[in-house]
Amino acid sequence: MTSTDGGRTARLLRLYPAAYRQAHGDEIAAIHAEATAGAGPVGRLREDADVAAHALRVRLRVTSTDPAGRLLAAAAPYAVAGSAAWAALAVVRIAAESRGGWGGAAVPLLDPARLLLLIAGAATAVAAVCAAAGRWRSGRALFLAGAVALLVHHLAALDLYVNGALRVPAVVAVALVVLGCPPDLPPTGRRDRAATAAVATAMFVPGAAMYAGVPGLPGADRGWWALVVLAAALFAVLRQEGAAARFRAAGVLVAVALHLGRVAAEAYAYDLAVVAAVLCGAAALAAVTVRRFRTRTGAAAEDRAVRR
């Protein structure tokens, strides 16, 4: 290690809290030196950024060993799924409007604002596909790219929307949840991937069917159907036991809050919070009841087996 490399590593280590640096500084320095040995400028910059990001996580207490980090990792699949469903619905609606199939006269597809919204929607939808396939790193990068495109779209249209000021923090909140997921705790397990695919599909299909002219689901794109899906997800995770299930349940509730923020930003239904409370409360009660019944049934079966 050259003196220049040593000085850069020392500066990076100073980003950590003193106690953490004293306990793990030598290990971090050794790993960083090994990772940057023979690396080019781009490789060294990437490794430096990784160390700086980890130091920030340690200071904010959102690492994979912190409760906040585990909560963000549990909420990330549902945040990606919900955002992807809304983004894909926006793409479907724009496509329908460009043909004059929704809301009257046809709207030019290549309008700059709509084109930016299409890019954001496509990137976010593909991000959900990557997450469901277990490629979380690629999915997160695509999701954040889509979030940036959506922010640019909303900021450019602030003078056109009375509620535009609410859309920006709604996008930022979802992006922070996904970005805050610890990189060493990616939600790529079977349950996380299944949840991403199932929630995104269940949120998207009813709204897309409505845009296609299928009757029976009025307002499916306005928020209530998504809450039904998230309540079902809450019921599914609460039926499980253990700390991991509790973090997943908390993650679903974070996704519910993010969804309500998005709905409020779109000015669709401000009283949807009451619906969310009722649905989530009913789901939690049903899940606890099912779990207790299953526990009692299992105990009774064991008791009968012992008596025999």
# chains A, B, ... in the order shown; residues from 1 in each chain; ligands from 1

call {"tool": "residues_around", "arguments": {"residues": "Arg248 in chain A", "least_positions_apart": "5", "cutoff": "12 Å", "atoms": "only C-alpha atoms", "output": "PyMOL selection string"}}
result
chain A and resi 67+70-78+187+191-192+195+230+233-243+253-255

call {"tool": "select_by_dssp", "arguments": {"residues": "range 26-182 of chain A", "states": "helix (DSSP H, G or I)", "output": "NGL selection string"}}
result
:A and (26-36 or 41-60 or 67-98 or 112-132 or 136-156 or 164-180)

call {"tool": "closest_residue", "arguments": {"among": "A:Leu227, A:Val148, A:Ala122, A:Ala95", "to": "Leu279 in chain A", "atoms": "only C-alpha atoms"}}
result
A:Leu227

call {"tool": "atom_distance", "arguments": {"atom1": "CA of Thr124 in chain A", "atom2": "CA of Met203 in chain A"}}
result
14.2 Å

call {"tool": "residues_around", "arguments": {"residues": "Pro186 in chain A", "least_positions_apart": "2", "cutoff": "7 Å", "atoms": "only C-alpha atoms", "output": "NGL selection string"}}
result
:A and (73 or 136 or 182-184 or 188)

call {"tool": "write_last_selection", "arguments": {"atoms": "N, CA and C atoms", "output": "JSON list (two decimals), in the first residue's frame"}}
result
[["chain", "number", "residue", "atom", "x", "y", "z"],
["A", 73, "ALA", "N", -35.17, -3.48, 4.82],
["A", 73, "ALA", "CA", -35.03, -4.64, 3.94],
["A", 73, "ALA", "C", -36.35, -5.38, 3.79],
["A", 136, "TRP", "N", -31.49, -8.27, -7.18],
["A", 136, "TRP", "CA", -31.85, -7.07, -6.43],
["A", 136, "TRP", "C", -30.98, -5.88, -6.78],
["A", 182, "PRO", "N", -30.14, -2.46, 3.38],
["A", 182, "PRO", "CA", -28.72, -2.78, 3.45],
["A", 182, "PRO", "C", -28.28, -3.68, 2.30],
["A", 183, "PRO", "N", -27.17, -3.36, 1.63],
["A", 183, "PRO", "CA", -26.74, -4.17, 0.48],
["A", 183, "PRO", "C", -26.35, -5.60, 0.85],
["A", 184, "ASP", "N", -25.99, -5.83, 2.13],
["A", 184, "ASP", "CA", -25.65, -7.19, 2.55],
["A", 184, "ASP", "C", -26.86, -7.92, 3.11],
["A", 188, "THR", "N", -33.75, -11.10, -1.49],
["A", 188, "THR", "CA", -33.74, -12.03, -2.62],
["A", 188, "THR", "C", -34.16, -13.43, -2.21]]

call {"tool": "atom_distance", "arguments": {"atom1": "CA of Ala249 in chain A", "atom2": "CA of Gly207 in chain A"}}
result
25.2 Å

call {"tool": "closest_residue", "arguments": {"among": "A:Ala35, A:Leu89, A:Glu47, A:Pro17", "to": "Ala212 in chain A", "atoms": "only C-alpha atoms"}}
result
A:Leu89

call {"tool": "closest_residue", "arguments": {"among": "A:Gly281, A:Val214, A:Gly223, A:Gly134", "to": "Arg190 in chain A", "atoms": "only C-alpha atoms"}}
result
A:Gly134

call {"tool": "residues_around", "arguments": {"residues": "Leu15 in chain A", "least_positions_apart": "5", "cutoff": "9 Å", "atoms": "only C-alpha atoms", "output": "ChimeraX atom specification"}}
result
/A:21,51-52,55-56,59

call {"tool": "write_last_selection", "arguments": {"atoms": "N, CA, C and O atoms", "output": "PDB file, in the first residue's frame"}}
result
ATOM      1  N   ARG A  21     -14.778   2.655  14.627  1.00  0.00           N
ATOM      2  CA  ARG A  21     -13.467   2.687  13.968  1.00  0.00           C
ATOM      3  C   ARG A  21     -12.423   1.967  14.796  1.00  0.00           C
ATOM      4  O   ARG A  21     -11.588   1.232  14.270  1.00  0.00           O
ATOM      5  N   VAL A  51     -17.274   2.152   0.945  1.00  0.00           N
ATOM      6  CA  VAL A  51     -16.862   2.366   2.338  1.00  0.00           C
ATOM      7  C   VAL A  51     -17.574   3.588   2.912  1.00  0.00           C
ATOM      8  O   VAL A  51     -18.068   3.564   4.052  1.00  0.00           O
ATOM      9  N   ALA A  52     -17.651   4.664   2.141  1.00  0.00           N
ATOM     10  CA  ALA A  52     -18.325   5.869   2.623  1.00  0.00           C
ATOM     11  C   ALA A  52     -19.806   5.608   2.878  1.00  0.00           C
ATOM     12  O   ALA A  52     -20.372   6.081   3.877  1.00  0.00           O
ATOM     13  N   ALA A  55     -20.127   3.652   6.068  1.00  0.00           N
ATOM     14  CA  ALA A  55     -19.917   4.528   7.229  1.00  0.00           C
ATOM     15  C   ALA A  55     -21.174   5.342   7.523  1.00  0.00           C
ATOM     16  O   ALA A  55     -21.558   5.522   8.686  1.00  0.00           O
ATOM     17  N   LEU A  56     -21.832   5.809   6.470  1.00  0.00           N
ATOM     18  CA  LEU A  56     -23.076   6.563   6.667  1.00  0.00           C
ATOM     19  C   LEU A  56     -24.149   5.661   7.269  1.00  0.00           C
ATOM     20  O   LEU A  56     -24.902   6.095   8.164  1.00  0.00           O
ATOM     21  N   ARG A  59     -23.498   5.264  10.952  1.00  0.00           N
ATOM     22  CA  ARG A  59     -23.881   6.466  11.706  1.00  0.00           C
ATOM     23  C   ARG A  59     -25.398   6.593  11.824  1.00  0.00           C
ATOM     24  O   ARG A  59     -25.915   7.026  12.856  1.00  0.00           O
TER      25      ARG A  59
END

call {"tool": "atom_distance", "arguments": {"atom1": "CA of Leu116 in chain A", "atom2": "CA of Ala149 in chain A"}}
result
6.4 Å

call {"tool": "closest_residue", "arguments": {"among": "A:Ala79, A:Tyr211, A:Arg262, A:Ile94", "to": "Arg167 in chain A", "atoms": "only C-alpha atoms"}}
result
A:Arg262

call {"tool": "closest_residue", "arguments": {"among": "A:Ala175, A:Ala202, A:Ala257, A:Val42", "to": "Leu150 in chain A", "atoms": "only C-alpha atoms"}}
result
A:Ala175

call {"tool": "residues_around", "arguments": {"residues": "Thr36 in chain A", "least_positions_apart": "5", "cutoff": "10 Å", "atoms": "only C-alpha atoms", "output": "PyMOL selection string"}}
result
chain A and resi 1+5+31+41+43-48

call {"tool": "residues_around", "arguments": {"residues": "Phe204 in chain A", "least_positions_apart": "2", "cutoff": "9 Å", "atoms": "only C-alpha atoms", "output": "ChimeraX atom specification"}}
result
/A:82,84-86,88-89,199-202,206-209,220-221,226

call {"tool": "residues_around", "arguments": {"residues": "Ala282 in chain A", "least_positions_apart": "2", "cutoff": "12 Å", "atoms": "only C-alpha atoms", "output": "MDAnalysis selection string"}}
result
chainID A and resid 228 231:232 234:235 238 275:280 284:289
